[in-house]
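Everything on this sheet refers to the single structure shown next.
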Amino acid sequence: IRRFFIPIRDLSAKYTVMQSAFAGAERVFQLLDEKLTVESPTDPQPMAHLGGDLSLRNVSFAYKGEPGDEDWVLRDINLEVKKGEKVALVGPTGSGKTTILKLLNRLYDVQHGEVCFGGADVRKLDLLELRRRFAVVLQDVYLFTGSIMDNLKLSDGVDEARVLEAAEVVQANSFVERLPEGYDTQVKELGGNFSAGERQLLAFARALALDPDILVLDEATSNVDSETEARLQSALDV
């Protein structure tokens with residue numbers, strides 16, 4: 001009886017795994033079949049002569065809803081940020097602060113109004129070139145598999161000297177250099193071998209190494225202590 005039952009039980013377990021795999025494959029193919037809604041224009045406007053000013057002009061945006069029945073997250077927003085300025089967006093949860101940040105580097109397109117970089121509508125600019133002007137540090141930091149140095153040198157245009165300088169500015173070097181392998185230390189899945197504060201410091205170093213025109217912080221100091229936060233604020237003035 002046991003010899004008869006065990007194969008049947010194993011077959012049932014394999015069927016469960018197969019059903020789970022089919023469900024996962026379905027989601028993957030749905031994502032692959034998703035049509036791109038945000039693309040570079042065929043004849044993008046040159047960005048070399050554009051300044052670093054940002055502006056939102058009568059911007060309205062909704063994630064959901066059909067035309068005429070939108071569930072507006074932002075409605076008729078106007079905002080001007082001059083080059084060199086530091087601007088803080090303050091408001092309750094769900095008021096659209098993160099949404100505004102996503103619109104700046106065109107992760108989404110607005111339904112009404114314009115988002116402008118250097119006076120030009122971002123929809124008229126090359127998408128890759130636009131996003132190269134930004135560095136973003138989020139509350140939830142994502143670290144990739146590889147070494148610490150690989151994570152800090154995400155762009156081909158960033159050399160090792162620049163990475164080391166950025167790590168020193170945000171004082172991430174203080175804990176990295178204590179590791180047996182230093183910057184060659186391998187990052188485990190999702191940065192599991194580092195604390196939340198250490199991941200946040202690495203994210204700041206990664207952003208500063210890019211030397212971006214625009215640095216976007218979305219509750220980026222939520223996982224660090226007040227002393228480290230003060231150090232980061234002073235580092236951003238450098």
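If you're wondering about the labels, chains in the structure tokens are A, B, ... by order shown, residues count from 1 in each chain, ligands from 1 in order shown.
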
Exercise: region 53-64 of chain A partners within 12 Å, only C-alpha atoms, chain neighbours under 5 positions left out, as number ranges by chain:
A: 69-87, 96, 99-105, 107-122, 130, 133-134, 213-214

Which residues are close to Glu219 (chain A), i.e. within 9 Å by only C-alpha atoms, leaving aside same-chain residues fewer than 4 positions away? Reply as a list in words.
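These residues fall inside the cut-off: Val137, Leu138, Gln139, Asp140 and Asn223 of chain A.
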
Find the nearest atom pair between each residue of region 170-223 of chain A and region 146-164 of chain A for residues within 7 Å, count only C-alpha atoms, give distances in Å to one decimal, sort rows by chain and ascending number, and present the table as a tab-separated table.
residue	atom	partner	partner_atom	distance
A:Tyr183	CA	A:Ile148	CA	5.1
A:Asp184	CA	A:Ser147	CA	5.1
A:Thr185	CA	A:Ser147	CA	5.2
A:Gln186	CA	A:Ser147	CA	4.2
A:Val187	CA	A:Gly146	CA	5.5
A:Ala205	CA	A:Leu152	CA	6.8
A:Arg206	CA	A:Leu152	CA	4.5
A:Ala209	CA	A:Val163	CA	5.2
A:Leu210	CA	A:Val158	CA	6.4

Once DSSP has gone over the backbone, tell me which residues of region 26-177 of chain A are in strand (DSSP E or B), as JSON, numbers by chain.
{"A": [45, 54, 55, 56, 57, 58, 59, 60, 61, 62, 63, 64, 71, 72, 73, 74, 75, 76, 77, 78, 79, 80, 81, 112, 113, 114, 115, 116, 117, 120, 121, 125, 134, 135, 136, 137, 146, 147]}

Go through region 64-233 of chain A and collect every residue that DSSP, computed from the backbone, puts in alpha helix (DSSP H); the answer should be as a PyMOL selection string.
chain A and resi 97-104+127-132+148-152+160-169+173-176+196-209+226-233

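When only C-alpha atoms are used to compute distances to Arg231 (chain A), the closest of the residues A:Leu125, A:Ala172, A:Ala88, A:Ala196 turns out to be A:Ala172.
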
Tell me, in Å to one decimal, how far CA of Ser222 (chain A) is from CA of Gly182 (chain A).
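About the pair CA of Ser222 (chain A) and CA of Gly182 (chain A): they are 25.5 Å apart.
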
I'd like the interatomic distance between CA of Pro212 (chain A) and CA of Ser174 (chain A), to a tenth of an Å.
23.7 Å

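Closest approach to Val38 (chain A) from the set A:Asp225, A:Glu26, A:Asp126, A:Asp10 is made by A:Asp126, with distances taken over only C-alpha atoms.
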
Shell around Lys124 (chain A) at 9 Å using only C-alpha atoms, local window under 4 positions removed, as a PyMOL selection string:
chain A and resi 40-41+43-45+120

Residues from the last selection, C-alpha atoms, saved as a short mmCIF file (atom, residue, chain, number, x, y, z; two decimals), in the first residue's frame:
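What follows is the written file result-v7.cif:
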data_model
loop_
_atom_site.label_atom_id
_atom_site.label_comp_id
_atom_site.auth_asym_id
_atom_site.auth_seq_id
_atom_site.Cartn_x
_atom_site.Cartn_y
_atom_site.Cartn_z
CA SER A 40 11.06 58.66 -26.51
CA PRO A 41 9.73 60.79 -29.39
CA ASP A 43 12.69 63.37 -33.14
CA PRO A 44 13.63 64.37 -29.56
CA GLN A 45 14.53 67.92 -28.67
CA ALA A 120 10.89 71.93 -22.47
#

Take CA of Leu232 (chain A) and CA of Ala220 (chain A) and report the distance between them in Å, one decimal.
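Separating CA of Leu232 (chain A) from CA of Ala220 (chain A) is a distance of 10.2 Å.
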